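A short write-up of the structure that comes next.
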Amino acid sequence: MNISNYSCGDSSVCREKRQFTVYLYEILERCGRVKIDREGFANKNYEVEEAYYEPAFLRECFDEAEDKEAFNRELIGYADEKLKALLKLRPDGVKVEQTDLGKESGDEVYVLKNGIPKETGDADLTKHINGWGKAERCYRNPVARWMMNVKPDIALLLKRKGVKKKDEFVLCMTECVYTEGDENYTFLCETAKGKGYRVTVSRRIILDLVLELLISDREGAIKLSAGDGEKPCSLEAGGTSTVYIKSDRNPRAEGVSLTKITDYRRKLVKGDKTKEVKLIIGNGTELNI
């Protein structure tokens, strides 16, 4: 292999998505023209205030929480509520298959219930959900666990363009897809003794739930805030989106050309003159370079 071909646009031999996600991040963090193609955001111009690469927002909120048991109880209560809705509504990105759990072996099965009881015996709910052992495991909603572990490839904190006061912010999360395709998570859920479902949920759905929980009006909700702390700032959820990186390895009809990404990034590194990038965030991500 010629290393010069490792990262050379559409014909790159590199198969690692993270390599090109970094390039995209370096472009987006400088983006001064952003449109959000969603209800409530139309005809408003934004610019990037901050860009974050693979941020673990929910994990950091847990680490900062003074009452970690209260955090986990809120997380599980929210995840139980959302899991019930997913089983009932079955939106795009969710696949539900009825299964006989007696035939399954070795897989963890979650028995859907109404949250965690006040008295939990020897269970230690102050630990990170990944560290829950035998005493706590029956309360570990798999959706909650994925929410604590999933990270968007890129997150953008946006502010209104041309508005001097920094009191209105929007948080968006983006998932990048290169050669591996869309990522999904699968688990078993018991709804009656020996009966239940095998549920497959897209990573995008999990990111949606994380964003909703972080920016929510729920009483006692886990909160993410913005601003310099001098006064309360408005923080809205701009939603999640998916950007498909188009190349010879991933020749999708719709997507952002890897050649355009790598060429633009090289110009940034060299200090060459570049035209202003325009970003449109909707269900997908459109980047005009």
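In the structure tokens, chains take the letters A, B, ... in the order shown, each chain's residues start at 1, and ligands count up from 1 in the order shown.
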At a cut-off of 8 Å, using only C-alpha atoms, what residues contact Cys233 in chain A? Leave out same-chain residues fewer than 3 positions from it and give the result as an mmCIF file with all heavy atoms, in the first residue's frame.
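As written to disk, out-v6.cif reads:
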data_model
loop_
_atom_site.group_PDB
_atom_site.id
_atom_site.type_symbol
_atom_site.label_atom_id
_atom_site.label_comp_id
_atom_site.auth_asym_id
_atom_site.auth_seq_id
_atom_site.Cartn_x
_atom_site.Cartn_y
_atom_site.Cartn_z
ATOM 1 N N LYS A 166 -25.640 36.645 23.094
ATOM 2 C CA LYS A 166 -25.498 35.191 23.038
ATOM 3 C C LYS A 166 -26.442 34.540 24.047
ATOM 4 O O LYS A 166 -26.025 33.942 25.029
ATOM 5 C CB LYS A 166 -24.055 34.775 23.313
ATOM 6 C CG LYS A 166 -23.051 35.249 22.269
ATOM 7 C CD LYS A 166 -21.664 34.737 22.599
ATOM 8 C CE LYS A 166 -20.659 35.187 21.567
ATOM 9 N NZ LYS A 166 -19.302 34.687 21.867
ATOM 10 N N ASP A 167 -27.729 34.702 23.823
ATOM 11 C CA ASP A 167 -28.690 34.141 24.780
ATOM 12 C C ASP A 167 -29.623 33.117 24.148
ATOM 13 O O ASP A 167 -30.556 32.650 24.782
ATOM 14 C CB ASP A 167 -29.512 35.259 25.437
ATOM 15 C CG ASP A 167 -30.253 36.123 24.408
ATOM 16 O OD1 ASP A 167 -30.114 35.850 23.206
ATOM 17 O OD2 ASP A 167 -30.948 37.043 24.830
ATOM 18 N N GLU A 168 -29.386 32.761 22.885
ATOM 19 C CA GLU A 168 -30.180 31.739 22.223
ATOM 20 C C GLU A 168 -29.245 30.754 21.533
ATOM 21 O O GLU A 168 -28.523 31.123 20.601
ATOM 22 C CB GLU A 168 -31.129 32.359 21.195
ATOM 23 C CG GLU A 168 -32.209 33.232 21.797
ATOM 24 C CD GLU A 168 -33.155 33.780 20.745
ATOM 25 O OE1 GLU A 168 -33.131 33.259 19.605
ATOM 26 O OE2 GLU A 168 -33.903 34.709 21.041
ATOM 27 N N PHE A 169 -29.248 29.513 21.984
ATOM 28 C CA PHE A 169 -28.375 28.490 21.425
ATOM 29 C C PHE A 169 -29.199 27.290 20.961
ATOM 30 O O PHE A 169 -30.277 27.017 21.495
ATOM 31 C CB PHE A 169 -27.345 28.022 22.463
ATOM 32 C CG PHE A 169 -26.344 29.076 22.849
ATOM 33 C CD1 PHE A 169 -26.580 29.933 23.900
ATOM 34 C CD2 PHE A 169 -25.147 29.203 22.147
ATOM 35 C CE1 PHE A 169 -25.661 30.903 24.263
ATOM 36 C CE2 PHE A 169 -24.216 30.160 22.503
ATOM 37 C CZ PHE A 169 -24.475 31.013 23.559
ATOM 38 N N SER A 225 -27.089 22.975 29.920
ATOM 39 C CA SER A 225 -27.350 24.400 29.757
ATOM 40 C C SER A 225 -26.265 25.023 28.896
ATOM 41 O O SER A 225 -25.264 24.387 28.563
ATOM 42 C CB SER A 225 -27.421 25.093 31.118
ATOM 43 O OG SER A 225 -26.205 24.919 31.837
ATOM 44 N N ALA A 226 -26.450 26.294 28.546
ATOM 45 C CA ALA A 226 -25.488 26.996 27.703
ATOM 46 C C ALA A 226 -25.295 28.401 28.232
ATOM 47 O O ALA A 226 -26.077 28.901 29.032
ATOM 48 C CB ALA A 226 -25.971 27.031 26.253
ATOM 49 N N GLY A 227 -24.253 29.054 27.770
ATOM 50 C CA GLY A 227 -24.003 30.430 28.165
ATOM 51 C C GLY A 227 -22.855 30.557 29.144
ATOM 52 O O GLY A 227 -22.244 29.566 29.541
#
Exercise for the section: Compile the contact shell of Thr174 in chain A as a PyMOL selection string: residues with an atom at most 12 Å away, counting only C-alpha atoms, same-chain residues fewer than 3 positions apart removed. Expected result: chain A and resi 21+24-25+28+51-55+151-157+171+177+203-205+207-208+211+238-244+279-286
Practice task
List every residue of range 6-48 of chain A that DSSP, applied to the backbone of this structure, places in strand (DSSP E), and write the result as a VMD selection string.
Solution key: chain A and resid 33 to 36 46 to 48
Could those selected residues go to a file with N, CA and C atoms, as an mmCIF file, in the first residue's frame?
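Writing done, so here's result_35.cif:
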data_model
loop_
_atom_site.group_PDB
_atom_site.id
_atom_site.type_symbol
_atom_site.label_atom_id
_atom_site.label_comp_id
_atom_site.auth_asym_id
_atom_site.auth_seq_id
_atom_site.Cartn_x
_atom_site.Cartn_y
_atom_site.Cartn_z
ATOM 1 N N ARG A 33 -22.259 29.725 8.143
ATOM 2 C CA ARG A 33 -23.554 29.767 7.452
ATOM 3 C C ARG A 33 -24.270 28.442 7.679
ATOM 4 N N VAL A 34 -25.233 28.438 8.575
ATOM 5 C CA VAL A 34 -25.955 27.214 8.928
ATOM 6 C C VAL A 34 -27.454 27.463 8.850
ATOM 7 N N LYS A 35 -28.143 26.554 8.194
ATOM 8 C CA LYS A 35 -29.607 26.550 8.151
ATOM 9 C C LYS A 35 -30.100 25.259 8.787
ATOM 10 N N ILE A 36 -31.170 25.347 9.547
ATOM 11 C CA ILE A 36 -31.805 24.155 10.112
ATOM 12 C C ILE A 36 -33.122 23.951 9.393
ATOM 13 N N TYR A 46 -27.917 30.682 11.271
ATOM 14 C CA TYR A 46 -27.106 30.341 12.438
ATOM 15 C C TYR A 46 -25.633 30.273 12.043
ATOM 16 N N GLU A 47 -24.789 30.288 13.052
ATOM 17 C CA GLU A 47 -23.367 30.046 12.871
ATOM 18 C C GLU A 47 -22.893 29.164 14.013
ATOM 19 N N VAL A 48 -21.779 28.473 13.802
ATOM 20 C CA VAL A 48 -21.270 27.547 14.804
ATOM 21 C C VAL A 48 -20.568 28.316 15.912
#
Problem - Nearest to Ile289 in chain A by atom-to-atom distance, counting only C-alpha atoms, from A:Ala42, A:Val277, A:Leu235, A:Met173 - result: A:Val277
Problem - Who sits within 9 Å of Asp63 in chain A, only C-alpha atoms, same chain under 5 positions skipped, as a ChimeraX atom specification - result: /A:58,68,128
Just N, CA and C atoms for this one: save the residues we selected as a PDB file, in the first residue's frame.
ATOM      1  N   LEU A  58     -23.885  12.847  28.108  1.00  0.00           N
ATOM      2  CA  LEU A  58     -24.637  12.219  29.186  1.00  0.00           C
ATOM      3  C   LEU A  58     -23.699  11.649  30.252  1.00  0.00           C
ATOM      4  N   LYS A  68     -25.968  10.893  42.308  1.00  0.00           N
ATOM      5  CA  LYS A  68     -25.878   9.969  41.174  1.00  0.00           C
ATOM      6  C   LYS A  68     -27.020   8.956  41.170  1.00  0.00           C
ATOM      7  N   HIS A 128     -22.041   4.036  37.816  1.00  0.00           N
ATOM      8  CA  HIS A 128     -22.336   4.174  36.385  1.00  0.00           C
ATOM      9  C   HIS A 128     -23.030   2.901  35.928  1.00  0.00           C
TER      10      HIS A 128
END
Problem - Contacts of Pro117 in chain A within 12 Å, only C-alpha atoms, excl. fewer than 2 positions in-chain, as a list in words - result: Arg73, Ile76, Gly77, Lys113, Asn114, Gly115, Glu119, Thr120, Gly121, Ala123, Leu125, Glu136, Cys138 and Tyr139 of chain A
Practice task
Pick out the residues sitting within 12 Å of Lys17 in chain A, and hand them over as a ChimeraX atom specification; count only C-alpha atoms, and ignore anything fewer than 4 positions along from it in its own chain.
Solution key: /A:7,12-13,21-24,153,175-181,243-247,249-250,258
Problem - Exercise: range 185-196 of chain A partners within 8 Å, only C-alpha atoms, chain neighbours under 2 positions left out, as a list of chain:residue names - result: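 With the cut-off at 8 Å, the set is A:Gln98, A:Thr99, A:Asp100, A:Leu101, A:Gly102, A:Asp107, A:Glu108, A:Val109, A:Tyr110, A:Val111, A:Leu112, A:Pro142, A:Glu183, A:Arg198, A:Val199, A:Thr200, A:Val201, A:Ser202, A:Arg203.
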Exercise for the section: Going by DSSP on the backbone, which bits of range 6-100 of chain A are alpha helix (DSSP H)? Write them as number ranges by chain, please. Expected result: A: 17-28, 57-64, 68-89
